[in-house]
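Scroll down for the structure; my scribbles are underneath it.
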Number of protein chains: 2
Amino acid sequence: MADEADLVQRLLLKLRARDEVSEREERVLRDAVSGSEEYPAGRNMVRAGAPLSQSMLVVEGLVARFKDLSDGQRQIQEIHVAGDFTDLHGFLLKRLEHNVGALTRVRVALVPHDAIRRITEEEPHLTRLLWFSTLIDSAIQREKILSVGRRPALSRLAHLLCELRVRLELTGLAADGSFALPITQLDLGDATGLTSVHVNRMLKQLRDDRLVTFRGGQVTIHDWPRLQKVAEFDTGFLYLDRRPR
Amino acid sequence: MADEADLVQRLLLKLRARDEVSEREERVLRDAVSGSEEYPAGRNMVRAGAPLSQSMLVVEGLVARFKDLSDGQRQIQEIHVAGDFTDLHGFLLKRLEHNVGALTRVRVALVPHDAIRRITEEEPHLTRLLWFSTLIDSAIQREKILSVGRRPALSRLAHLLCELRVRLELTGLAADGSFALPITQLDLGDATGLTSVHVNRMLKQLRDDRLVTFRGGQVTIHDWPRLQKVAEFDTGFLYLDRRPR
DNA sequence: CGAGCTTTTGACGGATCTCAACGCAGGTGG
DNA sequence: CCACCTGCGTTGAGATCCGTCAAAAGCTCG
């Protein structure tokens, strides 16, 4: 049915930007989905350490992987958008060392680990594609290490916005440098290793410099070339070229 | 020959800490190695963007993945030890978005991508193990995001030393909380997102507090429980339990 | 034994955090 | 319909952690 078709649609867009996916493979992926679920904003979706038997594919909304320190500080390690698996790695890790939470209202497709295991037994190329998609996450996370470790605050924020723009554009969720980002400045702080107060000041500077506006959960990029320069943003880490994997 | 046996030995130790590896799979892994190479300390081993046709397995020495910013700042994203693949993900990514460099004199085993591809076609379980090992890297990198994003300098350093201790112990390269770490304080700064000056001060504090000593390229942990507490170190992210994958 | 790293230490400066106050919008219940 | 509450955004003042700059001492190796 049309509804089910939509569940994997954006995943396919993402994969096909990087390699071919045959119709048979597409069918195998669709058949792997066992159902879907919704979560309200702020809800915890996977708690660190809990045993897992299925993985979640984001259909709609924004999801964060994060970890907390004992003093209450939170660090978001990656923001997931529609088309991303949030915890495909849970298939082999069997549990996660971090939490997964809904930043907005979220709908996910559920993919039982049994089905993924079957794919690894019978579909080498599709297996490589799934593996590949976990490697993209890894590259995104490495880029965050660089951001948080060495970039100044303004640059970190700019980089995050650049990254989200490109990732959302891939699945048609951003156009003309504008996209929905209905999260709080506190969330942005957790994603950049800053306090919400400082995020607020940096957002003001980005706005005053006519680079980007973040208001009402909507991002509008005014000057893409200059924003990229401020962020030292280079799409290389997103591996956007189409090649056989 | 005995020499070749040694090339994959530590990799097997690492894998077998997490799952079973059959004798046949062990043979397949050995056969996948096409040779070995040495690099002097400081040498660049893979440059970002260069096309790759083989992956490197560290046999001896320390290797870093890192990226530089335009102003010359460097961020190390992960330190690899003997038994780690440094760029297994290059098999599917086809190139890397970061550099790989030798922190010490290094010997690596070379594994052609053709051989890995054959494994993915014929050895589902071994494929999952290789995939799994890239997921461990990913978890280590996520932990670094937390460190660099939210932990204070002292804690960051403590955490890195805890992590290296446990990882080295897995393959018999650390014992009694003591291990070789023949790298400079500048390297430690690049790995923690600090300056070498501040690393020096924090090392002094760790020494004065009787937690760890780093001297002459040797780390000696004096008080493991307290060091872990300072670092908020929890081995969870290393997935040390033995389970079928 | 001198050149060039690396480590160590001090003084100072600055980016970011903390604390605090206020405004604003949306929701809720009387 | 309005008082109230709560969460979020905004701004200012002061504190702090870490960086910068600089110099000197220790090591290694040709």
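Scheme for the structure tokens: letters A, B, ... for chains in order shown; per-chain residue numbers from 1; ligand numbers from 1 in order shown.
Taking only C-alpha atoms (C1' of nucleotides), the non-local environment of segment 15-17 of chain D within 10 Å (same-chain residues fewer than 4 positions away omitted) comprises Pro152 and Ala153 of chain B; DA15, DT16, DC17, DT18 and DC19 of chain C.
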Can I get the selected residues back with N, CA and C atoms (P, O5', C5', C4', C3', O3' and C1' of nucleotides), as a CSV table (one decimal), in the first residue's frame?
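Wrote it out as part_39.csv, contents follow:
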chain,number,residue,atom,x,y,z
B,152,PRO,N,35.7,18.4,31.0
B,152,PRO,CA,36.8,19.3,31.2
B,152,PRO,C,38.1,18.6,30.8
B,153,ALA,N,39.1,19.5,30.7
B,153,ALA,CA,40.4,19.0,30.2
B,153,ALA,C,41.0,17.8,30.9
C,15,DA,P,38.1,36.2,21.7
C,15,DA,O5',37.4,34.8,21.6
C,15,DA,C5',38.2,33.6,21.5
C,15,DA,C4',37.5,32.5,22.3
C,15,DA,C3',36.0,32.3,22.0
C,15,DA,O3',35.7,31.0,21.9
C,15,DA,C1',36.3,32.7,24.3
C,16,DT,P,34.3,30.4,21.4
C,16,DT,O5',33.6,30.1,22.7
C,16,DT,C5',34.1,29.1,23.6
C,16,DT,C4',33.5,29.1,25.0
C,16,DT,C3',32.0,29.0,25.0
C,16,DT,O3',31.7,27.8,25.7
C,16,DT,C1',32.9,30.7,26.5
C,17,DC,P,30.3,27.5,26.2
C,17,DC,O5',30.3,27.9,27.8
C,17,DC,C5',31.4,27.3,28.6
C,17,DC,C4',31.2,27.7,30.0
C,17,DC,C3',29.8,27.4,30.6
C,17,DC,O3',29.9,26.8,31.9
C,17,DC,C1',30.3,29.7,30.9
C,18,DT,P,28.6,26.4,32.7
C,18,DT,O5',28.3,27.5,33.7
C,18,DT,C5',29.4,28.1,34.5
C,18,DT,C4',28.9,29.2,35.4
C,18,DT,C3',27.5,28.9,35.9
C,18,DT,O3',27.5,29.2,37.3
C,18,DT,C1',27.5,31.0,34.9
C,19,DC,P,26.3,28.9,38.3
C,19,DC,O5',25.6,30.3,38.5
C,19,DC,C5',26.4,31.4,38.8
C,19,DC,C4',25.6,32.7,38.7
C,19,DC,C3',24.2,32.5,39.2
C,19,DC,O3',23.9,33.6,40.1
C,19,DC,C1',24.2,33.6,37.1
Exercise for the section: Do a neighbour search on DC12 of chain C at 12 Å with only C-alpha atoms (C1' of nucleotides), toss out local chain neighbours closer than 6 positions, and write the hits as JSON, numbers by chain. Expected result: {"D": [19, 20, 21, 22]}
Practice task
Would you please give, as number ranges by chain, all residues of segment 16-213 of chain A that DSSP assigns to strand (DSSP E or B) based on the backbone?
Solution key: A: 35-39, 44-46, 51, 54-60, 63-68, 74-80, 85, 95, 99-102, 106-112, 174-175, 178-180, 212-213
Practice task
Identify which of the residues D:DC29, D:DA3, D:DA23, D:DA13 lies closest to DC5 of chain C, counting only C-alpha atoms (C1' of nucleotides) when measuring atom-to-atom distances.
Solution key: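 Looking at the shortest contact to DC5 of chain C, the residue is D:DC29.
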Handout entry: Interface list for chain A, partner chain B, 8 Å threshold, only C-alpha atoms, as a count of residues only
Key = 39
Practice task
Enumerate as number ranges by chain the residues belonging to chain D that approach chain A to within 12 Å, with only C-alpha atoms (C1' of nucleotides) taken into account.
Solution key: D: 7-12, 19
Practice task
Would you give me, as number ranges by chain, the residues of chain C that come within 12 Å of chain B, using only C-alpha atoms (C1' of nucleotides)?
Solution key: C: 5-10
Practice task
Taking the DSSP assignment computed from this structure's backbone, write out as number ranges by chain all residues of segment 23-243 of chain A that belong to helix (DSSP H, G or I).
Solution key: A: 23-32, 90-93, 113-122, 124-150, 153-170, 185-192, 196-208, 224-231, 235-238
Exercise for the section: Grab the atom CA of Ala174 of chain B to atom CA of Asp19 of chain B distance for me, in Å with one decimal place. Expected result: 21.6 Å
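Look at DG27 of chain C: the protein and nucleic acid residues within 12 Å of it, using only C-alpha atoms (C1' of nucleotides) and passing over chain neighbours fewer than 3 places away, are DC4, DC5, DT6 and DG7 of chain D.
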Export of prior selection with N, CA, C and O atoms (P, O5', C5', C4', C3', O3' and C1' of nucleotides) as a PDB file, in the first residue's frame:
ATOM      1  P    DC D   4      -2.791  36.278  39.084  1.00  0.00           P
ATOM      2  O5'  DC D   4      -2.150  34.908  38.602  1.00  0.00           O
ATOM      3  C5'  DC D   4      -2.914  33.702  38.683  1.00  0.00           C
ATOM      4  C4'  DC D   4      -2.152  32.595  37.969  1.00  0.00           C
ATOM      5  C3'  DC D   4      -0.631  32.677  38.147  1.00  0.00           C
ATOM      6  O3'  DC D   4      -0.213  31.520  38.824  1.00  0.00           O
ATOM      7  C1'  DC D   4      -1.229  32.242  35.882  1.00  0.00           C
ATOM      8  P    DC D   5       1.296  31.347  39.298  1.00  0.00           P
ATOM      9  O5'  DC D   5       1.778  30.169  38.358  1.00  0.00           O
ATOM     10  C5'  DC D   5       0.843  29.179  37.928  1.00  0.00           C
ATOM     11  C4'  DC D   5       1.476  28.366  36.811  1.00  0.00           C
ATOM     12  C3'  DC D   5       3.002  28.264  36.928  1.00  0.00           C
ATOM     13  O3'  DC D   5       3.373  26.916  36.710  1.00  0.00           O
ATOM     14  C1'  DC D   5       2.403  29.120  34.804  1.00  0.00           C
ATOM     15  P    DT D   6       4.802  26.401  37.150  1.00  0.00           P
ATOM     16  O5'  DT D   6       5.349  25.674  35.860  1.00  0.00           O
ATOM     17  C5'  DT D   6       4.438  25.249  34.839  1.00  0.00           C
ATOM     18  C4'  DT D   6       5.116  25.361  33.496  1.00  0.00           C
ATOM     19  C3'  DT D   6       6.655  25.298  33.570  1.00  0.00           C
ATOM     20  O3'  DT D   6       7.100  24.309  32.669  1.00  0.00           O
ATOM     21  C1'  DT D   6       5.969  27.150  32.269  1.00  0.00           C
ATOM     22  P    DG D   7       8.630  23.846  32.599  1.00  0.00           P
ATOM     23  O5'  DG D   7       9.013  24.223  31.111  1.00  0.00           O
ATOM     24  C5'  DG D   7       8.133  23.848  30.049  1.00  0.00           C
ATOM     25  C4'  DG D   7       8.545  24.614  28.814  1.00  0.00           C
ATOM     26  C3'  DG D   7      10.053  24.584  28.544  1.00  0.00           C
ATOM     27  O3'  DG D   7      10.234  24.448  27.148  1.00  0.00           O
ATOM     28  C1'  DG D   7       9.329  26.816  28.733  1.00  0.00           C
TER      29       DG D   7
END
Exercise for the section: Between atom CA of Pro51 of chain B and atom CA of Ser36 of chain B, measure the distance and give it in Å to one decimal. Expected result: 19.2 Å
